[in-house]
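Quick look at work-v2.txt (compact mmCIF, C-alpha atoms):
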```txt
# COMPACT_ATOMS: atom_id res chain seq x y z
CA LEU A 5 -0.25 -5.67 -3.82
CA GLY A 6 1.80 -2.53 -3.71
CA ALA A 7 -0.55 0.41 -4.13
CA LEU A 8 -3.61 -1.85 -3.77
CA LEU A 9 -5.16 -3.79 -0.91
CA LEU A 10 -7.61 -6.60 -1.56
CA THR A 11 -10.23 -7.75 0.93
CA ALA A 12 -12.94 -10.37 0.54
CA ASP A 13 -15.35 -7.77 -0.84
CA ARG A 14 -13.48 -4.53 -1.54
CA LEU A 15 -10.62 -3.00 -3.46
CA LEU A 16 -8.64 -0.42 -1.50
CA ALA A 17 -5.79 2.00 -2.15
CA THR A 18 -2.98 1.84 0.39
CA GLY A 19 -2.17 4.73 2.65
CA GLU A 20 0.80 4.62 4.97
CA ILE A 21 2.20 1.19 5.83
CA VAL A 22 4.14 0.41 9.01
CA ARG A 23 5.11 -2.68 10.99
CA ALA A 24 3.99 -2.72 14.62
CA ARG A 25 6.95 -2.62 16.98
CA GLU A 26 7.84 -1.73 20.52
CA GLU A 27 8.84 1.85 21.10
CA VAL A 28 12.57 2.31 21.59
CA ARG A 29 14.59 5.45 22.08
CA ARG A 30 16.80 6.25 19.14
CA GLY A 31 17.99 9.26 17.21
CA PHE A 32 16.46 10.06 13.84
CA ALA A 33 18.01 12.03 11.03
CA ALA A 34 14.61 13.01 9.67
CA GLU A 35 11.32 14.01 11.25
CA SER A 36 9.53 11.64 8.85
CA GLN A 37 11.45 8.70 10.38
CA ARG A 38 10.39 9.79 13.85
CA ALA A 39 6.74 10.03 12.75
CA ARG A 40 6.82 6.52 11.23
CA ALA A 41 8.41 5.11 14.39
CA GLU A 42 5.67 6.75 16.47
CA LEU A 43 2.98 5.18 14.24
CA ALA A 44 4.63 1.77 14.50
CA ALA A 45 4.80 2.05 18.30
CA ALA A 46 1.17 3.22 18.46
CA ALA A 47 0.13 0.18 16.41
CA ARG A 48 1.95 -2.09 18.87
CA ARG A 49 0.37 -0.36 21.87
CA GLY A 50 -2.99 -0.70 20.10
CA GLY A 51 -2.72 -4.47 20.18
CA PHE A 52 -1.09 -5.42 16.89
CA PRO A 53 1.49 -8.17 17.42
CA GLU A 54 5.17 -7.27 16.96
CA GLY A 55 6.09 -7.20 13.26
CA THR A 56 2.50 -7.14 11.97
CA THR A 57 1.97 -4.98 8.88
CA VAL A 58 -0.53 -2.19 9.61
CA HIS A 59 -2.24 -0.12 6.91
CA ILE A 60 -3.17 3.41 7.93
CA GLY A 61 -5.25 5.82 5.87
CA TRP A 62 -6.40 3.40 3.16
CA THR A 63 -9.31 4.41 0.90
CA VAL A 64 -12.03 2.37 -0.78
CA LEU A 65 -11.81 2.31 -4.59
CA ASP A 66 -14.73 2.11 -7.01
CA PRO A 67 -13.97 -0.21 -9.95
CA ASP A 68 -17.34 0.72 -11.48
CA ALA A 69 -16.18 4.33 -11.70
CA VAL A 70 -13.17 3.19 -13.73
CA ASP A 71 -15.55 1.29 -16.04
CA ARG A 72 -17.34 4.64 -16.57
CA ASP A 73 -13.96 6.22 -17.51
CA GLU A 74 -13.67 8.03 -14.17
CA ALA A 75 -10.60 7.78 -11.97
CA SER A 76 -10.87 6.13 -8.57
CA GLY A 77 -7.76 6.73 -6.49
CA PRO A 78 -4.78 5.38 -8.45
CA LEU A 79 -7.01 3.55 -10.97
CA SER A 80 -8.19 4.94 -14.30
CA LEU A 81 -8.57 4.08 -17.95
CA LEU A 82 -5.71 5.05 -20.21
CA ALA A 83 -6.54 4.69 -23.90
CA GLY A 84 -9.30 2.27 -22.88
CA THR A 85 -6.97 0.10 -20.75
CA PRO A 86 -7.41 -0.18 -16.97
CA SER A 87 -4.27 1.42 -15.53
CA ILE A 88 -2.72 2.26 -12.20
CA ARG A 89 -0.57 5.10 -10.91
CA TRP A 90 1.77 3.06 -8.73
CA SER A 91 3.29 5.98 -6.82
CA PRO A 92 2.05 9.51 -6.06
CA GLY A 93 4.32 11.14 -8.64
CA GLY A 94 4.68 8.10 -10.87
CA GLY A 95 3.33 7.40 -14.29
CA ARG A 96 0.56 4.99 -15.15
CA VAL A 97 1.04 1.38 -16.21
CA PRO A 98 -1.52 -1.16 -17.44
CA LEU A 99 -3.20 -2.77 -14.43
CA ASP A 100 -2.74 -6.34 -15.69
CA ARG A 101 1.02 -5.87 -16.08
CA TYR A 102 1.27 -4.21 -12.66
CA LEU A 103 -0.63 -7.07 -10.98
CA ASP A 104 1.46 -9.71 -12.77
CA GLU A 105 4.63 -8.05 -11.44
CA ARG A 106 3.27 -7.70 -7.89
CA VAL A 107 2.12 -11.33 -7.75
CA GLU A 108 5.49 -12.48 -9.07
CA LEU A 109 7.21 -10.50 -6.30
CA LEU A 110 5.03 -12.26 -3.73
CA ARG A 111 5.90 -15.63 -5.20
CA HIS A 112 9.63 -14.90 -5.53
CA PRO A 113 10.68 -12.03 -3.24
CA PRO A 114 14.04 -10.38 -3.95
CA ALA A 115 16.97 -11.58 -1.82
CA GLY A 116 16.98 -9.84 1.55
CA ALA A 117 13.30 -8.80 1.33
CA GLY A 118 10.87 -9.49 4.16
```
Serialized structure, structure tokens:
Amino acid sequence: LGALLLTADRLLATGEIVRAREEVRRGFAAESQRARAELAAAARRGGFPEGTTVHIGWTVLDPDAVDRDEASGPLSLLAGTPSIRWSPGGGRVPLDRYLDERVELLRHPPAGAG
């Protein structure tokens, strides 16, 4: 769900996200593109099927800390409302609104997405 990952028993903050793919030789305009391609190829060599989404560098969040008015990763209370910082430099939005938007995107992805 964007900046959040949900498992059966944990709430996580995403790290880097790549899709596993075979390594191919190509030119890159930016070193960051080359690094992402190397991660994607490493995921494929590591056994992830082609096209599988792989999360690297995720962190476990502590919802109880947020209840105590402490931040946990991108989560915090803002004027008493659970909120999320949806990007590293981004502002905070109420968590319920953020989740509603993310779920709606899953239900109705934009044209050309996926």
What does the distance from CA of Asp71 (chain A) to CA of Ile21 (chain A) come to in Å, to one decimal?
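These two atoms are separated by 28.2 Å.
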Min atom-atom distance to Leu79 (chain A) from the set A:Leu15, A:Val107, A:Ala47, A:Ile60, counting all atoms listed in the file, belongs to A:Leu15
Quick one: residues within 10 Å of Gly6 (chain A), all atoms listed in the file, excluding same-chain residues fewer than 2 positions away - as JSON, numbers by chain?
{"A": [8, 9, 17, 18, 90, 91, 102, 103, 105, 106, 107, 109]}
At a cut-off of 12 Å, using all atoms listed in the file, what residues contact Gly94 (chain A)? Leave out same-chain residues fewer than 4 positions from it and give the result as a list in words.
Ala7, Pro78, Ile88, Arg89 and Trp90 of chain A
Dump C-alpha atoms for the selected residues as a short mmCIF file (atom, residue, chain, number, x, y, z; two decimals), in the frame of the given file?
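Output file out-v9.cif follows:
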```cif
data_model
loop_
_atom_site.label_atom_id
_atom_site.label_comp_id
_atom_site.auth_asym_id
_atom_site.auth_seq_id
_atom_site.Cartn_x
_atom_site.Cartn_y
_atom_site.Cartn_z
CA ALA A 7 -0.55 0.41 -4.13
CA PRO A 78 -4.78 5.38 -8.45
CA ILE A 88 -2.72 2.26 -12.20
CA ARG A 89 -0.57 5.10 -10.91
CA TRP A 90 1.77 3.06 -8.73
#
```
Counting only C-alpha atoms, what is within 12 Å of Arg72 (chain A), bar same-chain residues fewer than 6 positions away, as a ChimeraX atom specification?
/A:66,79-81,84,86
Separation of CA of Glu20 (chain A) from CA of Pro114 (chain A) in Å:
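Separation between CA of Pro114 (chain A) and CA of Glu20 (chain A): 21.9 Å.
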